[in-house]
Structure formats: C-alpha cells, structure tokens
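Below is start36.csv, which holds CSV, N, CA and C atoms and all ligand atoms.
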```csv
chain,number,residue,atom,x,y,z
F,126,MET,N,-14.1,-5.7,13.3
F,126,MET,CA,-12.7,-5.4,13.0
F,126,MET,C,-11.8,-5.5,14.3
F,127,ALA,N,-12.4,-5.3,15.4
F,127,ALA,CA,-11.6,-5.2,16.6
F,127,ALA,C,-10.9,-6.5,16.9
F,128,GLY,N,-9.6,-6.3,17.3
F,128,GLY,CA,-8.8,-7.5,17.6
F,128,GLY,C,-8.2,-8.2,16.4
F,129,LYS,N,-8.6,-7.8,15.2
F,129,LYS,CA,-8.1,-8.4,14.0
F,129,LYS,C,-6.9,-7.6,13.5
F,130,ASN,N,-5.8,-8.2,13.2
F,130,ASN,CA,-4.7,-7.5,12.6
F,130,ASN,C,-4.8,-7.5,11.1
F,131,PRO,N,-5.0,-6.3,10.6
F,131,PRO,CA,-5.2,-6.2,9.1
F,131,PRO,C,-3.9,-6.2,8.4
F,132,PHE,N,-2.8,-6.2,9.1
F,132,PHE,CA,-1.5,-6.1,8.3
F,132,PHE,C,-1.0,-7.5,8.0
F,133,THR,N,-0.9,-7.8,6.7
F,133,THR,CA,-0.5,-9.1,6.3
F,133,THR,C,0.1,-9.0,4.9
F,134,ALA,N,1.0,-9.9,4.6
F,134,ALA,CA,1.8,-9.9,3.4
F,134,ALA,C,0.9,-9.9,2.1
F,135,ILE,N,-0.2,-10.6,2.2
F,135,ILE,CA,-1.1,-10.8,1.1
F,135,ILE,C,-1.7,-9.4,0.6
F,136,LEU,N,-1.7,-8.5,1.5
F,136,LEU,CA,-2.2,-7.1,1.1
F,136,LEU,C,-1.1,-6.2,0.6
F,137,ILE,N,0.1,-6.7,0.5
F,137,ILE,CA,1.2,-5.8,-0.1
F,137,ILE,C,1.2,-6.1,-1.6
F,138,ALA,N,0.8,-5.0,-2.3
F,138,ALA,CA,0.7,-5.2,-3.8
F,138,ALA,C,2.0,-5.1,-4.5
F,139,PRO,N,2.0,-5.6,-5.8
F,139,PRO,CA,3.3,-5.6,-6.5
F,139,PRO,C,3.9,-4.2,-6.7
F,140,CYS,N,3.1,-3.2,-6.7
F,140,CYS,CA,3.6,-1.8,-6.8
F,140,CYS,C,4.3,-1.3,-5.5
F,141,GLY,N,4.1,-2.0,-4.4
F,141,GLY,CA,4.7,-1.6,-3.1
F,141,GLY,C,3.6,-1.0,-2.2
F,142,MET,N,2.4,-0.8,-2.8
F,142,MET,CA,1.3,-0.3,-2.0
F,142,MET,C,0.9,-1.3,-0.9
F,143,ASN,N,0.6,-0.8,0.3
F,143,ASN,CA,0.0,-1.6,1.3
F,143,ASN,C,-1.5,-1.5,1.2
F,144,CYS,N,-2.2,-2.5,0.7
F,144,CYS,CA,-3.6,-2.4,0.5
F,144,CYS,C,-4.4,-2.2,1.8
F,145,ALA,N,-3.8,-2.6,2.9
F,145,ALA,CA,-4.5,-2.5,4.2
F,145,ALA,C,-4.8,-1.1,4.6
F,146,ILE,N,-4.0,-0.1,4.1
F,146,ILE,CA,-4.3,1.3,4.4
F,146,ILE,C,-5.0,2.0,3.3
F,147,CYS,N,-5.4,1.3,2.3
F,147,CYS,CA,-6.0,2.0,1.1
F,147,CYS,C,-7.5,2.2,1.4
F,148,MET,N,-8.0,3.4,1.0
F,148,MET,CA,-9.4,3.7,1.3
F,148,MET,C,-10.4,2.7,0.6
F,149,ALA,N,-10.0,2.2,-0.5
F,149,ALA,CA,-10.8,1.2,-1.2
F,149,ALA,C,-11.0,-0.1,-0.4
F,150,HIS,N,-9.9,-0.4,0.4
F,150,HIS,CA,-10.0,-1.6,1.2
F,150,HIS,C,-10.7,-1.3,2.6
F,151,LEU,N,-10.5,-0.1,3.1
F,151,LEU,CA,-11.1,0.2,4.4
F,151,LEU,C,-12.6,0.6,4.4
F,152,ARG,N,-13.1,0.9,3.2
F,152,ARG,CA,-14.5,1.3,3.2
F,152,ARG,C,-15.4,0.1,3.4
F,153,GLU,N,-16.6,0.4,3.8
F,153,GLU,CA,-17.6,-0.7,4.1
F,153,GLU,C,-18.2,-1.2,2.8
F,154,LYS,N,-18.6,-0.2,1.9
F,154,LYS,CA,-19.3,-0.6,0.7
F,154,LYS,C,-18.4,-0.9,-0.4
F,155,ASN,N,-18.6,-1.9,-1.2
F,155,ASN,CA,-17.9,-2.2,-2.4
F,155,ASN,C,-16.4,-2.3,-2.1
F,156,ARG,N,-16.1,-3.0,-1.0
F,156,ARG,CA,-14.7,-3.1,-0.5
F,156,ARG,C,-13.8,-3.8,-1.4
F,157,CYS,N,-12.6,-3.3,-1.6
F,157,CYS,CA,-11.6,-4.0,-2.4
F,157,CYS,C,-10.8,-5.0,-1.5
F,158,GLY,N,-10.7,-6.2,-2.0
F,158,GLY,CA,-9.9,-7.2,-1.2
F,158,GLY,C,-8.4,-7.1,-1.3
F,159,GLY,N,-8.0,-6.2,-2.1
F,159,GLY,CA,-6.5,-6.0,-2.3
F,159,GLY,C,-6.1,-6.5,-3.6
F,160,CYS,N,-4.9,-6.1,-4.0
F,160,CYS,CA,-4.4,-6.3,-5.3
F,160,CYS,C,-4.3,-7.8,-5.7
F,161,TYR,N,-4.0,-8.7,-4.7
F,161,TYR,CA,-3.9,-10.1,-4.9
F,161,TYR,C,-5.2,-10.9,-4.7
F,162,ALA,N,-6.3,-10.1,-4.4
F,162,ALA,CA,-7.5,-10.8,-4.1
F,162,ALA,C,-8.4,-11.0,-5.3
F,163,PRO,N,-9.2,-12.0,-5.3
F,163,PRO,CA,-10.1,-12.2,-6.4
F,163,PRO,C,-11.1,-11.1,-6.6
F,164,ASP,N,-11.5,-10.4,-5.5
F,164,ASP,CA,-12.4,-9.3,-5.5
F,164,ASP,C,-11.7,-8.0,-5.6
F,165,ARG,N,-10.6,-8.0,-6.2
F,165,ARG,CA,-9.8,-6.7,-6.4
F,165,ARG,C,-10.6,-5.7,-7.2
F,166,LYS,N,-10.6,-4.5,-6.6
F,166,LYS,CA,-11.3,-3.4,-7.2
F,166,LYS,C,-10.4,-2.2,-7.4
F,167,CYS,N,-9.2,-2.4,-7.4
F,167,CYS,CA,-8.2,-1.3,-7.5
F,167,CYS,C,-8.4,-0.7,-8.9
F,168,SER,N,-8.0,0.5,-9.1
F,168,SER,CA,-8.2,1.2,-10.3
F,168,SER,C,-7.9,0.3,-11.5
F,169,ARG,N,-8.9,0.3,-12.4
F,169,ARG,CA,-8.9,-0.6,-13.5
F,169,ARG,C,-7.7,-0.3,-14.5
F,170,ASN,N,-7.3,0.9,-14.4
F,170,ASN,CA,-6.1,1.2,-15.3
F,170,ASN,C,-4.8,1.2,-14.6
F,171,CYS,N,-4.7,0.4,-13.5
F,171,CYS,CA,-3.4,0.3,-12.8
F,171,CYS,C,-2.3,-0.2,-13.8
F,172,THR,N,-1.4,0.7,-14.1
F,172,THR,CA,-0.4,0.3,-15.1
F,172,THR,C,0.7,-0.7,-14.5
F,173,ILE,N,0.7,-0.8,-13.2
F,173,ILE,CA,1.7,-1.7,-12.6
F,173,ILE,C,1.2,-3.1,-12.8
F,174,SER,N,0.0,-3.4,-12.3
F,174,SER,CA,-0.5,-4.8,-12.4
F,174,SER,C,-0.8,-5.2,-13.9
F,175,ALA,N,-1.0,-4.2,-14.7
F,175,ALA,CA,-1.2,-4.4,-16.2
F,175,ALA,C,0.2,-4.7,-16.9
F,176,CYS,N,1.3,-4.4,-16.2
F,176,CYS,CA,2.6,-4.6,-16.8
F,176,CYS,C,2.9,-6.1,-16.9
F,177,GLY,N,3.1,-6.5,-18.1
F,177,GLY,CA,3.4,-8.0,-18.3
F,177,GLY,C,4.6,-8.5,-17.7
F,178,LYS,N,5.5,-7.6,-17.2
F,178,LYS,CA,6.7,-8.0,-16.7
F,178,LYS,C,6.7,-8.3,-15.2
F,179,VAL,N,5.6,-7.8,-14.5
F,179,VAL,CA,5.6,-8.0,-13.1
F,179,VAL,C,5.5,-9.4,-12.7
F,180,GLN,N,6.5,-9.9,-12.0
F,180,GLN,CA,6.5,-11.3,-11.5
F,180,GLN,C,6.8,-11.3,-10.0
F,181,GLY,N,6.0,-10.6,-9.3
F,181,GLY,CA,6.3,-10.5,-7.9
F,181,GLY,C,6.6,-9.2,-7.4
F,182,ARG,N,6.5,-9.0,-6.1
F,182,ARG,CA,6.6,-7.7,-5.5
F,182,ARG,C,7.9,-6.9,-5.8
F,183,CYS,N,9.0,-7.6,-5.8
F,183,CYS,CA,10.2,-6.8,-5.9
F,183,CYS,C,10.8,-6.7,-7.3
F,184,HIS,N,10.0,-7.2,-8.2
F,184,HIS,CA,10.3,-7.0,-9.7
F,184,HIS,C,11.8,-7.5,-9.9
F,185,PRO,N,12.1,-8.7,-9.4
F,185,PRO,CA,13.5,-9.1,-9.4
F,185,PRO,C,14.1,-9.3,-10.8
F,186,ASP,N,13.3,-9.6,-11.8
F,186,ASP,CA,13.8,-9.9,-13.1
F,186,ASP,C,13.6,-8.8,-14.1
F,187,CYS,N,13.1,-7.6,-13.6
F,187,CYS,CA,12.8,-6.6,-14.5
F,187,CYS,C,14.0,-5.6,-14.7
F,188,GLY,N,14.6,-5.6,-15.9
F,188,GLY,CA,15.7,-4.7,-16.2
F,188,GLY,C,15.4,-3.2,-16.1
F,189,GLU,N,14.1,-2.9,-16.2
F,189,GLU,CA,13.7,-1.5,-16.2
F,189,GLU,C,13.4,-1.0,-14.8
F,190,PHE,N,13.4,-1.8,-13.8
F,190,PHE,CA,13.1,-1.4,-12.5
F,190,PHE,C,14.0,-0.3,-12.0
F,191,PRO,N,13.6,0.8,-11.4
F,191,PRO,CA,12.2,1.2,-11.3
F,191,PRO,C,11.8,1.9,-12.6
F,192,CYS,N,10.7,1.4,-13.2
F,192,CYS,CA,10.3,1.9,-14.5
F,192,CYS,C,9.6,3.3,-14.3
F,193,ARG,N,9.3,3.9,-15.5
F,193,ARG,CA,8.7,5.2,-15.5
F,193,ARG,C,7.3,5.2,-14.8
F,194,ARG,N,6.5,4.1,-15.1
F,194,ARG,CA,5.2,4.0,-14.5
F,194,ARG,C,5.3,3.9,-12.9
F,195,LEU,N,6.2,3.2,-12.4
F,195,LEU,CA,6.4,3.0,-11.0
F,195,LEU,C,6.9,4.3,-10.4
F,196,LYS,N,7.8,5.0,-11.1
F,196,LYS,CA,8.3,6.3,-10.6
F,196,LYS,C,7.2,7.3,-10.5
F,197,GLN,N,6.3,7.3,-11.5
F,197,GLN,CA,5.2,8.3,-11.5
F,197,GLN,C,4.2,8.0,-10.4
F,198,LEU,N,3.9,6.8,-10.2
F,198,LEU,CA,3.1,6.4,-9.1
F,198,LEU,C,3.7,6.8,-7.7
F,199,ASP,N,5.0,6.5,-7.6
F,199,ASP,CA,5.7,6.8,-6.4
F,199,ASP,C,5.7,8.3,-6.1
F,200,LYS,N,5.9,9.1,-7.2
F,200,LYS,CA,5.9,10.6,-7.0
F,200,LYS,C,4.6,11.1,-6.5
F,201,ARG,N,3.5,10.6,-7.1
F,201,ARG,CA,2.2,11.0,-6.7
F,201,ARG,C,1.9,10.7,-5.2
F,202,TYR,N,2.4,9.5,-4.8
F,202,TYR,CA,2.1,9.1,-3.4
F,202,TYR,C,3.0,9.9,-2.5
F,203,ARG,N,4.3,10.1,-2.9
F,203,ARG,CA,5.1,10.9,-2.0
F,203,ARG,C,4.6,12.3,-1.8
F,204,THR,N,4.1,12.9,-2.9
F,204,THR,CA,3.6,14.3,-2.9
F,204,THR,C,2.3,14.4,-2.1
F,205,LYS,N,1.4,13.4,-2.3
F,205,LYS,CA,0.0,13.6,-1.8
F,205,LYS,C,-0.3,12.7,-0.5
F,206,TYR,N,0.4,11.6,-0.4
F,206,TYR,CA,-0.1,10.7,0.6
F,206,TYR,C,1.0,10.2,1.7
F,207,HIS,N,2.0,11.0,1.9
F,207,HIS,CA,3.0,10.6,2.9
F,207,HIS,C,3.6,9.2,2.8
F,208,MET,N,3.7,8.7,1.7
F,208,MET,CA,4.4,7.4,1.6
F,208,MET,C,5.0,7.2,0.2
F,209,SER,N,5.8,6.2,0.1
F,209,SER,CA,6.6,6.0,-1.1
F,209,SER,C,6.6,4.5,-1.5
F,210,MET,N,6.1,4.2,-2.7
F,210,MET,CA,6.1,2.8,-3.2
F,210,MET,C,7.6,2.3,-3.3
F,211,LEU,N,8.5,3.2,-3.8
F,211,LEU,CA,9.8,2.8,-4.0
F,211,LEU,C,10.6,2.5,-2.6
F,212,ASP,N,10.3,3.4,-1.6
F,212,ASP,CA,10.8,3.1,-0.3
F,212,ASP,C,10.3,1.8,0.2
F,213,ASN,N,9.0,1.5,0.0
F,213,ASN,CA,8.4,0.3,0.5
F,213,ASN,C,9.1,-0.9,-0.2
F,214,LEU,N,9.3,-0.8,-1.5
F,214,LEU,CA,9.9,-2.0,-2.2
F,214,LEU,C,11.3,-2.1,-1.8
F,215,ALA,N,12.0,-1.0,-1.5
F,215,ALA,CA,13.4,-1.1,-1.1
F,215,ALA,C,13.5,-1.8,0.3
F,216,ALA,N,12.6,-1.4,1.2
F,216,ALA,CA,12.5,-2.0,2.5
F,216,ALA,C,12.2,-3.5,2.4
F,217,ILE,N,11.3,-3.9,1.5
F,217,ILE,CA,11.0,-5.3,1.4
F,217,ILE,C,12.2,-6.1,0.8
F,218,ARG,N,12.9,-5.5,-0.1
F,218,ARG,CA,14.1,-6.1,-0.7
F,218,ARG,C,15.2,-6.3,0.4
F,219,LYS,N,15.3,-5.3,1.2
F,219,LYS,CA,16.4,-5.3,2.2
F,219,LYS,C,16.1,-6.2,3.4
F,220,ASP,N,14.9,-6.1,4.0
F,220,ASP,CA,14.6,-6.8,5.2
F,220,ASP,C,13.6,-7.9,5.1
F,221,GLY,N,13.0,-8.0,4.0
F,221,GLY,CA,12.0,-9.0,3.8
F,221,GLY,C,10.6,-8.6,4.1
F,222,ILE,N,9.6,-9.3,3.6
F,222,ILE,CA,8.2,-8.9,3.7
F,222,ILE,C,7.7,-9.0,5.1
F,223,ARG,N,8.2,-9.9,5.9
F,223,ARG,CA,7.6,-10.0,7.3
F,223,ARG,C,8.0,-8.8,8.1
F,224,ALA,N,9.3,-8.4,8.0
F,224,ALA,CA,9.7,-7.2,8.7
F,224,ALA,C,9.0,-5.9,8.2
F,225,PHE,N,8.8,-5.9,6.9
F,225,PHE,CA,8.1,-4.7,6.4
F,225,PHE,C,6.7,-4.6,6.9
F,226,VAL,N,6.0,-5.8,6.9
F,226,VAL,CA,4.6,-5.8,7.4
F,226,VAL,C,4.5,-5.4,8.9
F,227,ARG,N,5.5,-5.8,9.7
F,227,ARG,CA,5.6,-5.4,11.1
F,227,ARG,C,5.7,-3.9,11.2
F,228,ASN,N,6.6,-3.3,10.4
F,228,ASN,CA,6.8,-1.9,10.5
F,228,ASN,C,5.6,-1.1,10.0
F,229,GLU,N,4.9,-1.7,9.0
F,229,GLU,CA,3.7,-1.0,8.5
F,229,GLU,C,2.6,-1.0,9.6
F,230,ARG,N,2.6,-2.1,10.3
F,230,ARG,CA,1.6,-2.1,11.4
F,230,ARG,C,1.8,-1.0,12.4
F,231,LYS,N,3.1,-0.8,12.8
F,231,LYS,CA,3.4,0.2,13.7
F,231,LYS,C,3.1,1.6,13.1
F,232,ARG,N,3.5,1.8,11.9
F,232,ARG,CA,3.3,3.1,11.3
F,232,ARG,C,1.9,3.5,11.0
F,233,TRP,N,1.0,2.6,10.7
F,233,TRP,CA,-0.3,2.9,10.3
F,233,TRP,C,-1.4,2.5,11.2
F,234,THR,N,-1.1,2.1,12.4
F,234,THR,CA,-2.1,1.8,13.4
F,234,THR,C,-2.4,3.1,14.3
F,235,CYS,N,-3.6,3.4,14.4
F,235,CYS,CA,-4.0,4.6,15.2
F,235,CYS,C,-3.6,4.4,16.7
F,236,THR,N,-2.9,5.5,17.2
F,236,THR,CA,-2.4,5.4,18.6
F,236,THR,C,-3.5,5.6,19.6
F,237,SER,N,-4.6,6.1,19.1
F,237,SER,CA,-5.8,6.4,20.0
F,237,SER,C,-6.7,5.1,20.2
F,238,CYS,N,-7.0,4.5,19.0
F,238,CYS,CA,-8.0,3.5,19.1
F,238,CYS,C,-7.6,2.1,18.6
F,239,GLY,N,-6.4,2.1,17.9
F,239,GLY,CA,-5.9,0.8,17.4
F,239,GLY,C,-6.5,0.5,16.0
F,240,GLY,N,-7.3,1.5,15.5
F,240,GLY,CA,-7.8,1.3,14.1
F,240,GLY,C,-6.7,1.5,13.1
F,241,THR,N,-7.1,1.3,11.9
F,241,THR,CA,-6.1,1.4,10.8
F,241,THR,C,-6.3,2.8,10.1
F,242,ILE,N,-5.1,3.4,9.9
F,242,ILE,CA,-5.1,4.7,9.3
F,242,ILE,C,-5.3,4.6,7.8
F,243,ASP,N,-6.2,5.4,7.3
F,243,ASP,CA,-6.5,5.5,5.8
F,243,ASP,C,-5.6,6.4,5.2
F,244,VAL,N,-4.6,5.9,4.4
F,244,VAL,CA,-3.6,6.7,3.9
F,244,VAL,C,-4.1,7.8,2.9
F,245,HIS,N,-5.1,7.5,2.2
F,245,HIS,CA,-5.7,8.5,1.2
F,245,HIS,C,-6.3,9.7,1.9
F,246,HIS,N,-6.9,9.5,3.1
F,246,HIS,CA,-7.5,10.6,3.8
F,246,HIS,C,-6.6,11.1,4.9
F,247,TYR,N,-5.6,10.3,5.2
F,247,TYR,CA,-4.6,10.6,6.3
F,247,TYR,C,-5.3,10.8,7.6
F,248,ARG,N,-6.2,9.9,7.9
F,248,ARG,CA,-6.8,9.8,9.3
F,248,ARG,C,-7.2,8.4,9.6
F,249,CYS,N,-7.5,8.2,10.8
F,249,CYS,CA,-7.9,6.8,11.3
F,249,CYS,C,-9.2,6.5,10.7
F,250,SER,N,-9.3,5.3,10.1
F,250,SER,CA,-10.6,4.8,9.5
F,250,SER,C,-11.6,4.5,10.5
F,251,ALA,N,-11.2,4.4,11.8
F,251,ALA,CA,-12.2,4.0,12.8
F,251,ALA,C,-12.6,5.3,13.6
F,252,CYS,N,-11.7,6.1,14.1
F,252,CYS,CA,-12.0,7.2,15.0
F,252,CYS,C,-11.8,8.6,14.3
F,253,GLY,N,-11.2,8.6,13.2
F,253,GLY,CA,-11.1,9.8,12.4
F,253,GLY,C,-9.9,10.7,12.8
F,254,LYS,N,-9.1,10.3,13.8
F,254,LYS,CA,-8.0,11.0,14.3
F,254,LYS,C,-6.8,11.0,13.2
F,255,GLU,N,-6.2,12.2,13.1
F,255,GLU,CA,-5.0,12.3,12.2
F,255,GLU,C,-3.8,11.7,12.9
F,256,PRO,N,-2.9,11.0,12.1
F,256,PRO,CA,-1.7,10.4,12.7
F,256,PRO,C,-0.8,11.5,13.2
F,257,GLU,N,0.0,11.2,14.2
F,257,GLU,CA,0.9,12.2,14.8
F,257,GLU,C,2.2,12.3,13.9
Z,301,ZN,ZN,-8.4,5.7,15.7
```

Rendering of file as structure tokens:
Amino acid sequence: MAGKNPFTAILIAPCGMNCAICMAHLREKNRCGGCYAPDRKCSRNCTISACGKVQGRCHPDCGEFPCRRLKQLDKRYRTKYHMSMLDNLAAIRKDGIRAFVRNERKRWTCTSCGGTIDVHHYRCSACGKEPE
C-alpha cells in the first residue's frame, strides 16, 4: 500500500460515500473493490444503488433528490461516522469530483503514517491512530 494514493474518483459511490475510507475496502480479507467495481461487496441491501433512478453520483435528473433513502443514510453517517453523504454530494456538485477527491485525501489521510483512516472505526487502518 505504501506510496499508493488510494483516493480516486472511481471509489466515490453514487450515494456520496468515499469507498476508499470504508472498512470493507480497507480490510485484507474479502476486500470490497468499491461501489463501481465488479467485485463490489457493499451491503447487498443498499437502497441507493438499488434505486432505479440513480444515473450518476449527483443524481442530476432525480426530482426526488435528496430522497428519503439518501437522507436516512446521511443521518446514520452524520450521527455515527463523522461524515455526511449529502455534504459530500453537495461538494461534488459545487466544485467537481477532482477537487472533492483532493479534499478527501487531506481529510482522511493519517497525519502520523500516511495510511488511510477507516471511517467506520474512526482510526488509521495502518497504525491505528485516531484522527485529530
Ligand atoms: Zn496511521
């Protein structure tokens, strides 16, 4: 992993999740390739990816955006995991995916070892340190 930048647009899921910081992507065994990957292992009952209306990350053509499903997911993450899908999607809409990915890299890279922070455990996946 050393020297490799794990922050990339392909790992930003339609729901606004950054799969790079997901525990399912960071684990060694049965690793998930991310929501856009062929070896996606994200929760089988993901209501966002199952939504027939999703046509890209920013849901540009959805009249229901942000829908109840997305709001519920967002609430769960804001409450438990120090992040917000809706804030992420708003940032992508405003400044574009490249700027978003750059900011994510700053936000979720361990200041001690350069490893990636696991958002679900809120600690570095490499050295175990909690983010400041
Ligand atoms: Zn670390």

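Straight-line separation from CA of Ile146 (chain F) to atom C of Gly188 (chain F): 28.8 Å.
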
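For the atom pair formed by atom N of Asp199 (chain F) and CA of Asp164 (chain F), the distance is 23.6 Å, given to one decimal.
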
At most 6 Å from ligand ZN 301 (chain Z) (all atoms listed in the file): residue list as an NGL selection string: :F and (235-241 or 249-254)

Any idea what the distance is between CA of Arg152 (chain F) and atom C of Phe132 (chain F)?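 Value for the CA of Arg152 (chain F)-atom C of Phe132 (chain F) distance: 16.8 Å.
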
At a cut-off of 10 Å, using only C-alpha atoms, what residues contact Met208 (chain F)? Leave out same-chain residues fewer than 5 positions from it and give the result as a list in words. Met142, Asp199, Lys200, Arg201, Tyr202, Arg203, Asn213 and Val244 of chain F

Give the answer as one residue: which of F:Met210, F:Cys192, F:Ala145, F:Cys140 has the shortest atom-to-atom distance to Glu229 (chain F), using only C-alpha atoms? F:Ala145

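The neighbours of Ala149 (chain F) here are the residues that come within 8 Å of it, using only C-alpha atoms and leaving out any residue fewer than 4 positions away in the same chain; they are Asn155, Arg156, Cys157, Lys166 and Cys167 of chain F.
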
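Among the candidates F:Val226, F:Gly159, F:Thr234, F:Ala215, the residue lying nearest to Ala134 (chain F) is F:Val226 (atoms considered: all atoms listed in the file).
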
As a PyMOL selection string, please: every residue in chain F that a backbone DSSP assignment puts in alpha helix (DSSP H). chain F and resi 148-151+193-205+210-220+222-233

Taking the DSSP assignment computed from this structure's backbone, write out as a tab-separated table (two decimals) with N, CA and C atoms, in the frame of the given file all residues of chain F that belong to strand (DSSP E or B).
```tsv
chain	number	residue	atom	x	y	z
F	137	ILE	N	0.10	-6.70	0.50
F	137	ILE	CA	1.20	-5.80	-0.10
F	137	ILE	C	1.20	-6.10	-1.60
F	143	ASN	N	0.60	-0.80	0.30
F	143	ASN	CA	0.00	-1.60	1.30
F	143	ASN	C	-1.50	-1.50	1.20
F	234	THR	N	-1.10	2.10	12.40
F	234	THR	CA	-2.10	1.80	13.40
F	234	THR	C	-2.40	3.10	14.30
F	241	THR	N	-7.10	1.30	11.90
F	241	THR	CA	-6.10	1.40	10.80
F	241	THR	C	-6.30	2.80	10.10
F	242	ILE	N	-5.10	3.40	9.90
F	242	ILE	CA	-5.10	4.70	9.30
F	242	ILE	C	-5.30	4.60	7.80
F	243	ASP	N	-6.20	5.40	7.30
F	243	ASP	CA	-6.50	5.50	5.80
F	243	ASP	C	-5.60	6.40	5.20
F	248	ARG	N	-6.20	9.90	7.90
F	248	ARG	CA	-6.80	9.80	9.30
F	248	ARG	C	-7.20	8.40	9.60
F	249	CYS	N	-7.50	8.20	10.80
F	249	CYS	CA	-7.90	6.80	11.30
F	249	CYS	C	-9.20	6.50	10.70
```

Taking into account all atoms listed in the file, which residue in the set F:Asn143, F:Ala216, F:Thr204, F:Arg223 is nearest to Cys160 (chain F)?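 Closest to Cys160 (chain F) of all the choices is F:Asn143.
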
Taking the partial coordinates given, rebuild region 135-149 of chain F to contain N, CA, C and O atoms; return it as a PDB file, in the frame of the given file.
```pdb
ATOM      1  N   ILE F 135      -0.200 -10.600   2.200  1.00  0.00           N
ATOM      2  CA  ILE F 135      -1.100 -10.800   1.100  1.00  0.00           C
ATOM      3  C   ILE F 135      -1.700  -9.400   0.600  1.00  0.00           C
ATOM      4  O   ILE F 135      -2.061  -9.268  -0.540  1.00  0.00           O
ATOM      5  N   LEU F 136      -1.700  -8.500   1.500  1.00  0.00           N
ATOM      6  CA  LEU F 136      -2.200  -7.100   1.100  1.00  0.00           C
ATOM      7  C   LEU F 136      -1.100  -6.200   0.600  1.00  0.00           C
ATOM      8  O   LEU F 136      -1.351  -4.997   0.396  1.00  0.00           O
ATOM      9  N   ILE F 137       0.100  -6.700   0.500  1.00  0.00           N
ATOM     10  CA  ILE F 137       1.200  -5.800  -0.100  1.00  0.00           C
ATOM     11  C   ILE F 137       1.200  -6.100  -1.600  1.00  0.00           C
ATOM     12  O   ILE F 137       1.539  -7.152  -2.048  1.00  0.00           O
ATOM     13  N   ALA F 138       0.800  -5.000  -2.300  1.00  0.00           N
ATOM     14  CA  ALA F 138       0.700  -5.200  -3.800  1.00  0.00           C
ATOM     15  C   ALA F 138       2.000  -5.100  -4.500  1.00  0.00           C
ATOM     16  O   ALA F 138       3.018  -4.710  -3.951  1.00  0.00           O
ATOM     17  N   PRO F 139       2.000  -5.600  -5.800  1.00  0.00           N
ATOM     18  CA  PRO F 139       3.300  -5.600  -6.500  1.00  0.00           C
ATOM     19  C   PRO F 139       3.900  -4.200  -6.700  1.00  0.00           C
ATOM     20  O   PRO F 139       5.120  -4.095  -6.835  1.00  0.00           O
ATOM     21  N   CYS F 140       3.100  -3.200  -6.700  1.00  0.00           N
ATOM     22  CA  CYS F 140       3.600  -1.800  -6.800  1.00  0.00           C
ATOM     23  C   CYS F 140       4.300  -1.300  -5.500  1.00  0.00           C
ATOM     24  O   CYS F 140       4.923  -0.263  -5.530  1.00  0.00           O
ATOM     25  N   GLY F 141       4.100  -2.000  -4.400  1.00  0.00           N
ATOM     26  CA  GLY F 141       4.700  -1.600  -3.100  1.00  0.00           C
ATOM     27  C   GLY F 141       3.600  -1.000  -2.200  1.00  0.00           C
ATOM     28  O   GLY F 141       3.857  -0.627  -1.086  1.00  0.00           O
ATOM     29  N   MET F 142       2.400  -0.800  -2.800  1.00  0.00           N
ATOM     30  CA  MET F 142       1.300  -0.300  -2.000  1.00  0.00           C
ATOM     31  C   MET F 142       0.900  -1.300  -0.900  1.00  0.00           C
ATOM     32  O   MET F 142       0.823  -2.489  -1.173  1.00  0.00           O
ATOM     33  N   ASN F 143       0.600  -0.800   0.300  1.00  0.00           N
ATOM     34  CA  ASN F 143       0.000  -1.600   1.300  1.00  0.00           C
ATOM     35  C   ASN F 143      -1.500  -1.500   1.200  1.00  0.00           C
ATOM     36  O   ASN F 143      -2.069  -0.457   1.662  1.00  0.00           O
ATOM     37  N   CYS F 144      -2.200  -2.500   0.700  1.00  0.00           N
ATOM     38  CA  CYS F 144      -3.600  -2.400   0.500  1.00  0.00           C
ATOM     39  C   CYS F 144      -4.400  -2.200   1.800  1.00  0.00           C
ATOM     40  O   CYS F 144      -5.553  -1.788   1.798  1.00  0.00           O
ATOM     41  N   ALA F 145      -3.800  -2.600   2.900  1.00  0.00           N
ATOM     42  CA  ALA F 145      -4.500  -2.500   4.200  1.00  0.00           C
ATOM     43  C   ALA F 145      -4.800  -1.100   4.600  1.00  0.00           C
ATOM     44  O   ALA F 145      -5.761  -0.862   5.294  1.00  0.00           O
ATOM     45  N   ILE F 146      -4.000  -0.100   4.100  1.00  0.00           N
ATOM     46  CA  ILE F 146      -4.300   1.300   4.400  1.00  0.00           C
ATOM     47  C   ILE F 146      -5.000   2.000   3.300  1.00  0.00           C
ATOM     48  O   ILE F 146      -5.105   3.251   3.382  1.00  0.00           O
ATOM     49  N   CYS F 147      -5.400   1.300   2.300  1.00  0.00           N
ATOM     50  CA  CYS F 147      -6.000   2.000   1.100  1.00  0.00           C
ATOM     51  C   CYS F 147      -7.500   2.200   1.400  1.00  0.00           C
ATOM     52  O   CYS F 147      -8.177   1.393   2.020  1.00  0.00           O
ATOM     53  N   MET F 148      -8.000   3.400   1.000  1.00  0.00           N
ATOM     54  CA  MET F 148      -9.400   3.700   1.300  1.00  0.00           C
ATOM     55  C   MET F 148     -10.400   2.700   0.600  1.00  0.00           C
ATOM     56  O   MET F 148     -11.439   2.493   1.168  1.00  0.00           O
ATOM     57  N   ALA F 149     -10.000   2.200  -0.500  1.00  0.00           N
ATOM     58  CA  ALA F 149     -10.800   1.200  -1.200  1.00  0.00           C
ATOM     59  C   ALA F 149     -11.000  -0.100  -0.400  1.00  0.00           C
ATOM     60  O   ALA F 149     -11.955  -0.821  -0.480  1.00  0.00           O
TER      61      ALA F 149
END
```
